[in-house]
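Data block for upload31.pdb (PDB, C-alpha atoms):
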```pdb
ATOM      1  CA  MET Z 275     -44.917 -81.210 -17.229  1.00  0.00           C
ATOM      2  CA  ARG Z 276     -41.245 -80.479 -17.871  1.00  0.00           C
ATOM      3  CA  ASN Z 277     -42.149 -77.965 -20.593  1.00  0.00           C
ATOM      4  CA  ILE Z 278     -44.543 -76.183 -18.228  1.00  0.00           C
ATOM      5  CA  LEU Z 279     -41.912 -75.927 -15.490  1.00  0.00           C
ATOM      6  CA  THR Z 280     -39.311 -74.733 -17.994  1.00  0.00           C
ATOM      7  CA  ILE Z 281     -41.597 -71.912 -19.166  1.00  0.00           C
ATOM      8  CA  ALA Z 282     -42.492 -71.082 -15.542  1.00  0.00           C
ATOM      9  CA  GLY Z 283     -38.807 -70.844 -14.613  1.00  0.00           C
ATOM     10  CA  LYS Z 284     -38.137 -68.615 -17.623  1.00  0.00           C
ATOM     11  CA  GLU Z 285     -40.964 -66.280 -16.623  1.00  0.00           C
ATOM     12  CA  LEU Z 286     -39.823 -66.116 -13.008  1.00  0.00           C
ATOM     13  CA  ARG Z 287     -36.255 -65.271 -14.061  1.00  0.00           C
ATOM     14  CA  ALA Z 288     -37.599 -62.616 -16.429  1.00  0.00           C
ATOM     15  CA  TYR Z 289     -39.374 -60.924 -13.525  1.00  0.00           C
ATOM     16  CA  PHE Z 290     -36.135 -60.625 -11.583  1.00  0.00           C
ATOM     17  CA  HIS Z 291     -34.184 -59.507 -14.636  1.00  0.00           C
ATOM     18  CA  SER Z 292     -36.487 -56.491 -14.815  1.00  0.00           C
ATOM     19  CA  PRO Z 293     -37.562 -53.933 -12.170  1.00  0.00           C
ATOM     20  CA  ILE Z 294     -41.047 -55.473 -11.889  1.00  0.00           C
ATOM     21  CA  ALA Z 295     -40.328 -58.074  -9.206  1.00  0.00           C
ATOM     22  CA  TYR Z 296     -38.287 -55.662  -7.083  1.00  0.00           C
ATOM     23  CA  LEU Z 297     -40.893 -52.914  -7.415  1.00  0.00           C
ATOM     24  CA  VAL Z 298     -43.795 -55.192  -6.502  1.00  0.00           C
ATOM     25  CA  ILE Z 299     -41.977 -56.816  -3.576  1.00  0.00           C
ATOM     26  CA  THR Z 300     -40.744 -53.460  -2.229  1.00  0.00           C
ATOM     27  CA  VAL Z 301     -44.117 -51.726  -2.430  1.00  0.00           C
ATOM     28  CA  TYR Z 302     -45.901 -54.711  -0.939  1.00  0.00           C
ATOM     29  CA  SER Z 303     -43.359 -55.036   1.897  1.00  0.00           C
ATOM     30  CA  VAL Z 304     -43.676 -51.350   2.812  1.00  0.00           C
ATOM     31  CA  VAL Z 305     -47.475 -51.440   2.797  1.00  0.00           C
ATOM     32  CA  LEU Z 306     -47.585 -54.749   4.668  1.00  0.00           C
ATOM     33  CA  GLY Z 307     -45.133 -53.524   7.291  1.00  0.00           C
ATOM     34  CA  PHE Z 308     -47.098 -50.324   7.870  1.00  0.00           C
ATOM     35  CA  VAL Z 309     -50.451 -52.118   8.069  1.00  0.00           C
ATOM     36  CA  PHE Z 310     -49.091 -54.817  10.389  1.00  0.00           C
ATOM     37  CA  TYR Z 311     -47.455 -52.280  12.712  1.00  0.00           C
ATOM     38  CA  SER Z 312     -50.625 -50.155  12.784  1.00  0.00           C
ATOM     39  CA  TYR Z 313     -52.885 -53.054  13.730  1.00  0.00           C
ATOM     40  CA  VAL Z 314     -50.482 -54.370  16.363  1.00  0.00           C
ATOM     41  CA  ALA Z 315     -50.088 -50.892  17.892  1.00  0.00           C
ATOM     42  CA  LEU Z 316     -53.857 -50.436  17.955  1.00  0.00           C
ATOM     43  CA  TYR Z 317     -54.290 -53.875  19.509  1.00  0.00           C
ATOM     44  CA  VAL Z 318     -51.772 -53.131  22.262  1.00  0.00           C
ATOM     45  CA  GLU Z 319     -53.345 -49.760  23.011  1.00  0.00           C
ATOM     46  CA  GLN Z 320     -56.859 -51.196  23.244  1.00  0.00           C
ATOM     47  CA  SER Z 321     -55.658 -54.112  25.377  1.00  0.00           C
ATOM     48  CA  PHE Z 322     -54.022 -51.774  27.904  1.00  0.00           C
ATOM     49  CA  ARG Z 323     -57.113 -49.596  27.953  1.00  0.00           C
ATOM     50  CA  MET Z 324     -59.393 -52.565  28.625  1.00  0.00           C
ATOM     51  CA  GLN Z 325     -57.104 -53.858  31.401  1.00  0.00           C
ATOM     52  CA  MET Z 326     -57.043 -50.449  33.090  1.00  0.00           C
ATOM     53  CA  MET Z 327     -60.832 -50.397  32.994  1.00  0.00           C
ATOM     54  CA  GLY Z 328     -60.996 -53.884  34.518  1.00  0.00           C
ATOM     55  CA  GLY Z 329     -62.198 -55.520  31.312  1.00  0.00           C
ATOM     56  CA  PRO Z 330     -61.748 -59.152  30.211  1.00  0.00           C
ATOM     57  CA  GLY Z 331     -58.437 -60.776  29.333  1.00  0.00           C
ATOM     58  CA  PRO Z 332     -56.391 -60.230  26.153  1.00  0.00           C
ATOM     59  CA  MET Z 333     -58.340 -59.701  22.949  1.00  0.00           C
ATOM     60  CA  ASN Z 334     -58.352 -62.338  20.228  1.00  0.00           C
ATOM     61  CA  LEU Z 335     -55.353 -61.843  17.931  1.00  0.00           C
ATOM     62  CA  ASN Z 336     -57.082 -63.588  15.048  1.00  0.00           C
ATOM     63  CA  GLU Z 337     -60.092 -61.277  15.161  1.00  0.00           C
ATOM     64  CA  TYR Z 338     -58.298 -57.994  15.849  1.00  0.00           C
ATOM     65  CA  ILE Z 339     -55.134 -58.359  13.738  1.00  0.00           C
ATOM     66  CA  ILE Z 340     -54.977 -61.363  11.391  1.00  0.00           C
ATOM     67  CA  ARG Z 341     -58.488 -61.257   9.976  1.00  0.00           C
ATOM     68  CA  PRO Z 342     -58.649 -57.491   9.276  1.00  0.00           C
ATOM     69  CA  ILE Z 343     -55.251 -57.589   7.559  1.00  0.00           C
ATOM     70  CA  LEU Z 344     -56.015 -60.568   5.330  1.00  0.00           C
ATOM     71  CA  GLU Z 345     -59.642 -59.690   4.665  1.00  0.00           C
ATOM     72  CA  GLY Z 346     -59.241 -55.964   4.240  1.00  0.00           C
ATOM     73  CA  PHE Z 347     -56.206 -53.954   3.272  1.00  0.00           C
ATOM     74  CA  LEU Z 348     -54.110 -56.618   1.578  1.00  0.00           C
ATOM     75  CA  MET Z 349     -56.977 -57.732  -0.647  1.00  0.00           C
ATOM     76  CA  VAL Z 350     -57.248 -54.215  -2.063  1.00  0.00           C
ATOM     77  CA  VAL Z 351     -53.474 -53.816  -2.341  1.00  0.00           C
ATOM     78  CA  LEU Z 352     -53.255 -56.967  -4.453  1.00  0.00           C
ATOM     79  CA  LEU Z 353     -55.896 -55.598  -6.830  1.00  0.00           C
ATOM     80  CA  PHE Z 354     -53.431 -52.908  -7.871  1.00  0.00           C
ATOM     81  CA  LEU Z 355     -50.122 -54.760  -7.530  1.00  0.00           C
ATOM     82  CA  LEU Z 356     -50.785 -58.076  -9.253  1.00  0.00           C
ATOM     83  CA  PRO Z 357     -51.749 -56.460 -12.597  1.00  0.00           C
ATOM     84  CA  LEU Z 358     -48.147 -55.210 -12.639  1.00  0.00           C
ATOM     85  CA  VAL Z 359     -47.102 -58.860 -12.494  1.00  0.00           C
ATOM     86  CA  THR Z 360     -49.406 -60.058 -15.274  1.00  0.00           C
ATOM     87  CA  MET Z 361     -49.135 -57.086 -17.636  1.00  0.00           C
ATOM     88  CA  ARG Z 362     -45.957 -58.354 -19.299  1.00  0.00           C
ATOM     89  CA  LEU Z 363     -46.900 -62.015 -19.679  1.00  0.00           C
ATOM     90  CA  TYR Z 364     -48.178 -61.655 -23.238  1.00  0.00           C
ATOM     91  CA  ALA Z 365     -48.196 -57.929 -23.952  1.00  0.00           C
ATOM     92  CA  GLU Z 366     -44.382 -57.744 -23.802  1.00  0.00           C
ATOM     93  CA  GLU Z 367     -44.019 -60.863 -25.953  1.00  0.00           C
ATOM     94  CA  LYS Z 368     -46.291 -59.327 -28.585  1.00  0.00           C
ATOM     95  CA  ARG Z 369     -44.573 -55.943 -28.458  1.00  0.00           C
ATOM     96  CA  SER Z 370     -41.077 -57.395 -28.818  1.00  0.00           C
ATOM     97  CA  GLY Z 371     -42.097 -59.903 -31.483  1.00  0.00           C
ATOM     98  CA  THR Z 372     -40.970 -62.946 -29.488  1.00  0.00           C
ATOM     99  CA  ILE Z 373     -44.531 -64.281 -29.335  1.00  0.00           C
ATOM    100  CA  GLU Z 374     -44.072 -65.835 -32.801  1.00  0.00           C
ATOM    101  CA  LEU Z 375     -41.054 -67.796 -31.601  1.00  0.00           C
ATOM    102  CA  LEU Z 376     -42.965 -68.980 -28.551  1.00  0.00           C
ATOM    103  CA  LEU Z 377     -46.012 -70.043 -30.549  1.00  0.00           C
ATOM    104  CA  THR Z 378     -43.922 -71.994 -33.068  1.00  0.00           C
ATOM    105  CA  SER Z 379     -41.907 -73.796 -30.393  1.00  0.00           C
ATOM    106  CA  PRO Z 380     -42.609 -77.518 -29.778  1.00  0.00           C
ATOM    107  CA  VAL Z 381     -45.024 -76.897 -26.891  1.00  0.00           C
ATOM    108  CA  THR Z 382     -48.805 -76.782 -26.780  1.00  0.00           C
ATOM    109  CA  ASP Z 383     -50.877 -73.657 -26.174  1.00  0.00           C
ATOM    110  CA  LEU Z 384     -51.972 -74.990 -22.796  1.00  0.00           C
ATOM    111  CA  GLN Z 385     -48.375 -75.648 -21.735  1.00  0.00           C
ATOM    112  CA  ILE Z 386     -47.468 -72.058 -22.614  1.00  0.00           C
ATOM    113  CA  VAL Z 387     -50.421 -70.678 -20.673  1.00  0.00           C
ATOM    114  CA  LEU Z 388     -49.853 -72.880 -17.617  1.00  0.00           C
ATOM    115  CA  GLY Z 389     -46.113 -72.163 -17.622  1.00  0.00           C
ATOM    116  CA  LYS Z 390     -46.612 -68.409 -17.686  1.00  0.00           C
ATOM    117  CA  PHE Z 391     -49.339 -68.648 -15.066  1.00  0.00           C
ATOM    118  CA  LEU Z 392     -47.167 -70.712 -12.711  1.00  0.00           C
ATOM    119  CA  GLY Z 393     -44.301 -68.251 -13.173  1.00  0.00           C
ATOM    120  CA  ALA Z 394     -46.571 -65.411 -12.060  1.00  0.00           C
ATOM    121  CA  VAL Z 395     -47.916 -67.518  -9.172  1.00  0.00           C
ATOM    122  CA  ALA Z 396     -44.348 -68.232  -8.030  1.00  0.00           C
ATOM    123  CA  LEU Z 397     -43.689 -64.491  -7.723  1.00  0.00           C
ATOM    124  CA  PHE Z 398     -46.980 -64.032  -5.885  1.00  0.00           C
ATOM    125  CA  LEU Z 399     -46.028 -66.805  -3.445  1.00  0.00           C
ATOM    126  CA  THR Z 400     -43.044 -64.653  -2.496  1.00  0.00           C
ATOM    127  CA  LEU Z 401     -45.523 -62.010  -1.341  1.00  0.00           C
ATOM    128  CA  ALA Z 402     -47.570 -64.660   0.470  1.00  0.00           C
ATOM    129  CA  ILE Z 403     -44.475 -65.900   2.317  1.00  0.00           C
ATOM    130  CA  LEU Z 404     -43.652 -62.337   3.381  1.00  0.00           C
ATOM    131  CA  THR Z 405     -47.202 -61.909   4.638  1.00  0.00           C
ATOM    132  CA  PHE Z 406     -47.185 -64.983   6.821  1.00  0.00           C
ATOM    133  CA  LEU Z 407     -43.666 -64.308   8.076  1.00  0.00           C
ATOM    134  CA  TYR Z 408     -45.033 -61.083   9.522  1.00  0.00           C
ATOM    135  CA  LEU Z 409     -48.052 -62.853  10.982  1.00  0.00           C
ATOM    136  CA  SER Z 410     -45.827 -65.572  12.448  1.00  0.00           C
ATOM    137  CA  LEU Z 411     -44.361 -62.924  14.767  1.00  0.00           C
ATOM    138  CA  LEU Z 412     -47.671 -62.979  16.596  1.00  0.00           C
ATOM    139  CA  PHE Z 413     -46.882 -66.537  17.718  1.00  0.00           C
ATOM    140  CA  VAL Z 414     -43.630 -65.306  19.277  1.00  0.00           C
ATOM    141  CA  TYR Z 415     -45.234 -62.580  21.371  1.00  0.00           C
ATOM    142  CA  GLY Z 416     -48.817 -63.839  21.553  1.00  0.00           C
ATOM    143  CA  ASN Z 417     -51.010 -66.889  21.249  1.00  0.00           C
ATOM    144  CA  PRO Z 418     -53.221 -66.736  18.123  1.00  0.00           C
ATOM    145  CA  ASN Z 419     -55.166 -69.732  16.889  1.00  0.00           C
ATOM    146  CA  ALA Z 420     -53.150 -71.486  14.177  1.00  0.00           C
ATOM    147  CA  LYS Z 421     -55.984 -73.392  12.475  1.00  0.00           C
ATOM    148  CA  PRO Z 422     -57.863 -70.313  11.201  1.00  0.00           C
ATOM    149  CA  LEU Z 423     -54.540 -68.961   9.927  1.00  0.00           C
ATOM    150  CA  LEU Z 424     -54.054 -72.052   7.761  1.00  0.00           C
ATOM    151  CA  ALA Z 425     -57.480 -71.562   6.195  1.00  0.00           C
ATOM    152  CA  ALA Z 426     -56.723 -67.876   5.710  1.00  0.00           C
ATOM    153  CA  ALA Z 427     -53.454 -68.778   3.970  1.00  0.00           C
ATOM    154  CA  LEU Z 428     -55.307 -71.043   1.533  1.00  0.00           C
ATOM    155  CA  GLY Z 429     -57.840 -68.306   0.793  1.00  0.00           C
ATOM    156  CA  PHE Z 430     -55.075 -65.750   0.323  1.00  0.00           C
ATOM    157  CA  VAL Z 431     -53.291 -67.924  -2.248  1.00  0.00           C
ATOM    158  CA  LEU Z 432     -56.501 -68.773  -4.126  1.00  0.00           C
ATOM    159  CA  TYR Z 433     -57.523 -65.117  -4.205  1.00  0.00           C
ATOM    160  CA  GLY Z 434     -54.146 -64.056  -5.591  1.00  0.00           C
ATOM    161  CA  ALA Z 435     -54.138 -66.861  -8.167  1.00  0.00           C
ATOM    162  CA  ALA Z 436     -57.611 -65.790  -9.345  1.00  0.00           C
ATOM    163  CA  LEU Z 437     -56.386 -62.203  -9.824  1.00  0.00           C
ATOM    164  CA  LEU Z 438     -53.383 -63.474 -11.787  1.00  0.00           C
ATOM    165  CA  ALA Z 439     -55.559 -65.649 -14.041  1.00  0.00           C
ATOM    166  CA  VAL Z 440     -57.800 -62.715 -14.965  1.00  0.00           C
ATOM    167  CA  GLY Z 441     -54.832 -60.381 -15.456  1.00  0.00           C
ATOM    168  CA  MET Z 442     -53.058 -62.939 -17.650  1.00  0.00           C
ATOM    169  CA  TRP Z 443     -56.079 -63.183 -19.937  1.00  0.00           C
ATOM    170  CA  ILE Z 444     -56.281 -59.405 -20.305  1.00  0.00           C
ATOM    171  CA  SER Z 445     -52.547 -59.256 -21.068  1.00  0.00           C
ATOM    172  CA  SER Z 446     -53.100 -61.689 -23.939  1.00  0.00           C
ATOM    173  CA  LEU Z 447     -55.510 -59.220 -25.582  1.00  0.00           C
ATOM    174  CA  THR Z 448     -53.075 -56.338 -26.088  1.00  0.00           C
ATOM    175  CA  LYS Z 449     -49.446 -55.596 -26.872  1.00  0.00           C
ATOM    176  CA  ASN Z 450     -49.270 -52.572 -24.563  1.00  0.00           C
ATOM    177  CA  GLN Z 451     -48.243 -53.351 -20.986  1.00  0.00           C
ATOM    178  CA  ILE Z 452     -49.693 -50.114 -19.582  1.00  0.00           C
ATOM    179  CA  ILE Z 453     -53.077 -50.835 -21.140  1.00  0.00           C
ATOM    180  CA  ALA Z 454     -52.933 -54.419 -19.857  1.00  0.00           C
ATOM    181  CA  ALA Z 455     -52.198 -53.240 -16.306  1.00  0.00           C
ATOM    182  CA  ALA Z 456     -54.821 -50.466 -16.339  1.00  0.00           C
ATOM    183  CA  VAL Z 457     -57.606 -52.645 -17.758  1.00  0.00           C
ATOM    184  CA  SER Z 458     -56.734 -55.445 -15.322  1.00  0.00           C
ATOM    185  CA  MET Z 459     -56.970 -53.060 -12.373  1.00  0.00           C
ATOM    186  CA  ILE Z 460     -60.354 -51.772 -13.534  1.00  0.00           C
ATOM    187  CA  VAL Z 461     -61.784 -55.243 -14.196  1.00  0.00           C
ATOM    188  CA  LEU Z 462     -60.499 -56.658 -10.906  1.00  0.00           C
ATOM    189  CA  LEU Z 463     -61.773 -53.660  -8.958  1.00  0.00           C
ATOM    190  CA  LEU Z 464     -65.213 -54.070 -10.517  1.00  0.00           C
ATOM    191  CA  LEU Z 465     -65.209 -57.762  -9.640  1.00  0.00           C
ATOM    192  CA  TYR Z 466     -64.196 -56.843  -6.091  1.00  0.00           C
ATOM    193  CA  ILE Z 467     -66.988 -54.295  -5.514  1.00  0.00           C
ATOM    194  CA  LEU Z 468     -69.795 -56.327  -7.104  1.00  0.00           C
ATOM    195  CA  ILE Z 469     -70.800 -57.240  -3.560  1.00  0.00           C
ATOM    196  CA  TRP Z 470     -72.127 -53.676  -3.155  1.00  0.00           C
ATOM    197  CA  VAL Z 471     -75.057 -54.589  -5.413  1.00  0.00           C
ATOM    198  CA  GLN Z 472     -76.793 -56.490  -2.630  1.00  0.00           C
ATOM    199  CA  ASP Z 473     -77.009 -53.275  -0.572  1.00  0.00           C
ATOM    200  CA  TYR Z 474     -79.525 -51.731  -2.984  1.00  0.00           C
ATOM    201  CA  SER Z 475     -80.808 -54.895  -4.710  1.00  0.00           C
ATOM    202  CA  PRO Z 476     -81.480 -57.474  -1.976  1.00  0.00           C
ATOM    203  CA  GLY Z 477     -83.401 -59.871  -4.231  1.00  0.00           C
ATOM    204  CA  ARG Z 478     -82.175 -62.971  -6.025  1.00  0.00           C
ATOM    205  CA  THR Z 479     -80.573 -60.976  -8.826  1.00  0.00           C
ATOM    206  CA  GLY Z 480     -78.622 -58.850  -6.383  1.00  0.00           C
ATOM    207  CA  GLN Z 481     -77.511 -61.911  -4.449  1.00  0.00           C
ATOM    208  CA  PHE Z 482     -76.431 -63.657  -7.654  1.00  0.00           C
ATOM    209  CA  ILE Z 483     -74.325 -60.672  -8.731  1.00  0.00           C
ATOM    210  CA  ALA Z 484     -72.854 -60.357  -5.235  1.00  0.00           C
ATOM    211  CA  ASN Z 485     -71.842 -64.026  -5.360  1.00  0.00           C
ATOM    212  CA  LEU Z 486     -69.691 -63.195  -8.379  1.00  0.00           C
ATOM    213  CA  SER Z 487     -67.671 -60.740  -6.308  1.00  0.00           C
ATOM    214  CA  LEU Z 488     -64.069 -61.580  -5.434  1.00  0.00           C
ATOM    215  CA  SER Z 489     -64.517 -60.079  -1.970  1.00  0.00           C
ATOM    216  CA  ASN Z 490     -67.633 -62.083  -1.164  1.00  0.00           C
ATOM    217  CA  HIS Z 491     -65.704 -65.356  -0.927  1.00  0.00           C
ATOM    218  CA  ILE Z 492     -62.683 -64.341   1.140  1.00  0.00           C
ATOM    219  CA  ASP Z 493     -64.629 -63.755   4.369  1.00  0.00           C
ATOM    220  CA  ASN Z 494     -65.017 -67.427   5.320  1.00  0.00           C
ATOM    221  CA  PHE Z 495     -61.322 -68.133   4.725  1.00  0.00           C
ATOM    222  CA  ALA Z 496     -60.373 -65.149   6.912  1.00  0.00           C
ATOM    223  CA  LYS Z 497     -62.613 -66.563   9.647  1.00  0.00           C
ATOM    224  CA  GLY Z 498     -60.863 -69.932   9.371  1.00  0.00           C
ATOM    225  CA  VAL Z 499     -63.688 -71.667   7.515  1.00  0.00           C
ATOM    226  CA  ILE Z 500     -63.014 -73.592   4.293  1.00  0.00           C
ATOM    227  CA  ALA Z 501     -66.370 -73.698   2.508  1.00  0.00           C
ATOM    228  CA  LEU Z 502     -66.900 -75.640  -0.707  1.00  0.00           C
ATOM    229  CA  PRO Z 503     -68.703 -72.774  -2.552  1.00  0.00           C
ATOM    230  CA  ASP Z 504     -65.738 -70.476  -1.909  1.00  0.00           C
ATOM    231  CA  LEU Z 505     -63.255 -73.094  -3.123  1.00  0.00           C
ATOM    232  CA  VAL Z 506     -65.341 -73.721  -6.246  1.00  0.00           C
ATOM    233  CA  TYR Z 507     -65.621 -70.000  -6.947  1.00  0.00           C
ATOM    234  CA  TYR Z 508     -61.889 -69.249  -6.876  1.00  0.00           C
ATOM    235  CA  LEU Z 509     -60.961 -72.424  -8.739  1.00  0.00           C
ATOM    236  CA  SER Z 510     -63.597 -71.554 -11.359  1.00  0.00           C
ATOM    237  CA  VAL Z 511     -62.175 -68.049 -11.825  1.00  0.00           C
ATOM    238  CA  ILE Z 512     -58.677 -69.519 -12.181  1.00  0.00           C
ATOM    239  CA  GLY Z 513     -59.887 -72.145 -14.644  1.00  0.00           C
ATOM    240  CA  LEU Z 514     -61.856 -69.581 -16.658  1.00  0.00           C
ATOM    241  CA  GLY Z 515     -58.888 -67.232 -16.837  1.00  0.00           C
ATOM    242  CA  ILE Z 516     -56.625 -70.036 -18.070  1.00  0.00           C
ATOM    243  CA  PHE Z 517     -59.241 -71.197 -20.606  1.00  0.00           C
ATOM    244  CA  LEU Z 518     -59.823 -67.697 -22.014  1.00  0.00           C
ATOM    245  CA  THR Z 519     -56.081 -67.097 -22.244  1.00  0.00           C
ATOM    246  CA  ALA Z 520     -55.617 -70.386 -24.110  1.00  0.00           C
ATOM    247  CA  ARG Z 521     -58.336 -69.359 -26.562  1.00  0.00           C
ATOM    248  CA  SER Z 522     -56.676 -65.975 -27.020  1.00  0.00           C
ATOM    249  CA  VAL Z 523     -53.298 -67.617 -27.662  1.00  0.00           C
ATOM    250  CA  ASP Z 524     -54.943 -69.992 -30.096  1.00  0.00           C
ATOM    251  CA  ALA Z 525     -56.376 -67.011 -31.991  1.00  0.00           C
ATOM    252  CA  LEU Z 526     -52.898 -65.507 -32.254  1.00  0.00           C
ATOM    253  CA  LYS Z 527     -51.849 -68.530 -34.293  1.00  0.00           C
ATOM    254  CA  GLY Z 528     -54.573 -67.798 -36.807  1.00  0.00           C
ATOM    255  CA  ARG Z 529     -56.651 -70.847 -35.986  1.00  0.00           C
ATOM    256  CA  PRO Z 530     -60.414 -70.680 -36.429  1.00  0.00           C
TER     257      PRO Z 530
END
```

Could you write out this file's structure as structure tokens?
Amino acid sequence: MRNILTIAGKELRAYFHSPIAYLVITVYSVVLGFVFYSYVALYVEQSFRMQMMGGPGPMNLNEYIIRPILEGFLMVVLLFLLPLVTMRLYAEEKRSGTIELLLTSPVTDLQIVLGKFLGAVALFLTLAILTFLYLSLLFVYGNPNAKPLLAAALGFVLYGAALLAVGMWISSLTKNQIIAAAVSMIVLLLLYILIWVQDYSPGRTGQFIANLSLSNHIDNFAKGVIALPDLVYYLSVIGLGIFLTARSVDALKGRP
């Protein structure tokens, strides 16, 4: 475990020694701030309009602000930002030639993979903390339901970790960071929009393909529901990404 944490700490420091962490955090903060402000402004405007028309009391903050933000815009934003986090994990090591030193060090392939993965997850958790700091402001000026937010937080972290696992595997297949980032974005986007298949193929095949979609399993979390199939799906994607990366690293060492 100590070796894994050492590698994770090295990766996290490497992010902040390069422009990647600052670029990702800045872009994400700007987008998050704009989206949060827009939804809050729209909520306030609609609330005043309903009150003037003699409508019911205040609208549900979870349904009109928290859920659309976590289930919609941010999910798509992460599809394009997190590949920037994973693109350097192996591609940069291979380009600079330091991968040989890493592979001959007294650590196992799995420890290397898990260490790099946890380093990327640690940077992603910074984005998650920013997200829920914004959403926590709603508790200062409003009264949202906290329990659904906890489930949404779990789904948000699992979703991001799944993206990182897939991106890490793709990074292990090339020595070019740009190619790693571009291919990761394309693959993740395809996985995200697989749910569209059920619109024109409503049978069992269409439903099966839709169940493989990243976006198909975030809805329950955003509603505040922790369903076992959704947990299994994201954990399976994470596990598969780690397994494929380990196999790729093993191949780099010339093993059969």

Handout entry: Neighbour list for Phe308 of chain Z as a list in words, cut-off 12 Å, only C-alpha atoms, skip fewer than 4 positions in-chain
Key = Val301, Tyr302, Ser303, Val304, Ser312, Tyr313, Val314, Ala315, Ile343, Phe347, Leu348 and Tyr408 of chain Z

Problem - Given all atoms listed in the file as the counted atoms, nearest of Z:Leu344, Z:Val359, Z:Leu407, Z:Met442 to Gly513 of chain Z - result: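 Ranking Z:Leu344, Z:Val359, Z:Leu407, Z:Met442 by distance to Gly513 of chain Z, first place goes to Z:Met442.
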
Edge lengths and centre in Å, axis-aligned, segment 521-527 of chain Z plus 3 Å each side, as JSON:
```
{"center_x": -55.1, "center_y": -67.7, "center_z": -30.4, "size_x": 12.5, "size_y": 10.5, "size_z": 13.7}
```

Quick one: residues within 12 Å of segment 450-455 of chain Z, all atoms listed in the file counted, chain neighbours fewer than 3 positions away excluded, as a PDB file with C-alpha atoms, keeping the file's coordinate frame?
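The new file out.pdb reads:
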```pdb
ATOM      1  CA  ILE Z 294     -41.047 -55.473 -11.889  1.00  0.00           C
ATOM      2  CA  LEU Z 353     -55.896 -55.598  -6.830  1.00  0.00           C
ATOM      3  CA  PHE Z 354     -53.431 -52.908  -7.871  1.00  0.00           C
ATOM      4  CA  LEU Z 355     -50.122 -54.760  -7.530  1.00  0.00           C
ATOM      5  CA  LEU Z 356     -50.785 -58.076  -9.253  1.00  0.00           C
ATOM      6  CA  PRO Z 357     -51.749 -56.460 -12.597  1.00  0.00           C
ATOM      7  CA  LEU Z 358     -48.147 -55.210 -12.639  1.00  0.00           C
ATOM      8  CA  VAL Z 359     -47.102 -58.860 -12.494  1.00  0.00           C
ATOM      9  CA  THR Z 360     -49.406 -60.058 -15.274  1.00  0.00           C
ATOM     10  CA  MET Z 361     -49.135 -57.086 -17.636  1.00  0.00           C
ATOM     11  CA  ARG Z 362     -45.957 -58.354 -19.299  1.00  0.00           C
ATOM     12  CA  LEU Z 363     -46.900 -62.015 -19.679  1.00  0.00           C
ATOM     13  CA  TYR Z 364     -48.178 -61.655 -23.238  1.00  0.00           C
ATOM     14  CA  ALA Z 365     -48.196 -57.929 -23.952  1.00  0.00           C
ATOM     15  CA  GLU Z 366     -44.382 -57.744 -23.802  1.00  0.00           C
ATOM     16  CA  GLU Z 367     -44.019 -60.863 -25.953  1.00  0.00           C
ATOM     17  CA  LYS Z 368     -46.291 -59.327 -28.585  1.00  0.00           C
ATOM     18  CA  ARG Z 369     -44.573 -55.943 -28.458  1.00  0.00           C
ATOM     19  CA  SER Z 370     -41.077 -57.395 -28.818  1.00  0.00           C
ATOM     20  CA  LEU Z 437     -56.386 -62.203  -9.824  1.00  0.00           C
ATOM     21  CA  LEU Z 438     -53.383 -63.474 -11.787  1.00  0.00           C
ATOM     22  CA  VAL Z 440     -57.800 -62.715 -14.965  1.00  0.00           C
ATOM     23  CA  GLY Z 441     -54.832 -60.381 -15.456  1.00  0.00           C
ATOM     24  CA  MET Z 442     -53.058 -62.939 -17.650  1.00  0.00           C
ATOM     25  CA  TRP Z 443     -56.079 -63.183 -19.937  1.00  0.00           C
ATOM     26  CA  ILE Z 444     -56.281 -59.405 -20.305  1.00  0.00           C
ATOM     27  CA  SER Z 445     -52.547 -59.256 -21.068  1.00  0.00           C
ATOM     28  CA  SER Z 446     -53.100 -61.689 -23.939  1.00  0.00           C
ATOM     29  CA  LEU Z 447     -55.510 -59.220 -25.582  1.00  0.00           C
ATOM     30  CA  SER Z 458     -56.734 -55.445 -15.322  1.00  0.00           C
ATOM     31  CA  MET Z 459     -56.970 -53.060 -12.373  1.00  0.00           C
ATOM     32  CA  ILE Z 460     -60.354 -51.772 -13.534  1.00  0.00           C
ATOM     33  CA  VAL Z 461     -61.784 -55.243 -14.196  1.00  0.00           C
ATOM     34  CA  LEU Z 462     -60.499 -56.658 -10.906  1.00  0.00           C
TER      35      LEU Z 462
END
```

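One distance worth recording is that between atom CA of Leu509 of chain Z and atom CA of Asn485 of chain Z, which is 14.2 Å.
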
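The smallest atom-to-atom distance between Asn336 of chain Z and any of Z:Arg323, Z:Arg287, Z:Arg478, Z:Lys421, using all atoms listed in the file, is found for Z:Lys421.
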
Handout entry: Residue among Z:Leu424, Z:Val414, Z:Ile339, Z:Leu488 lying closest to Leu463 of chain Z, counting only C-alpha atoms
Key = Z:Leu488

Exercise for the section: Kindly indicate which residue among Z:Ile340, Z:Leu335, Z:Gln481, Z:Ser489 lies nearest to Gln320 of chain Z, using only C-alpha atoms for the distances. Expected result: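 The answer is Z:Leu335, which sits nearest to Gln320 of chain Z.
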
Exercise for the section: Please provide as a PyMOL selection string all residues within 10 Å of Arg521 of chain Z, with the sequence filter that same-chain residues fewer than 4 positions apart are discarded (counting all atoms listed in the file). Expected result: chain Z and resi 383-384+387+443+446+515-517+525-526+529

Practice task
Work out how far atom CA of Gln385 of chain Z is from atom CA of Val506 of chain Z, in Å to one decimal.
Solution key: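 That distance, rounded to one decimal, is 23.1 Å.
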
Handout entry: Option closest in space to Leu502 of chain Z, from Z:Gly429, Z:Val457, Z:Asp473, Z:Thr479 [counting only C-alpha atoms]
Key = Z:Gly429

Problem - atom CA of Tyr338 of chain Z to atom CA of Tyr508 of chain Z, straight-line distance in Å - result: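 Computing it gives 25.6 Å between the two atoms.
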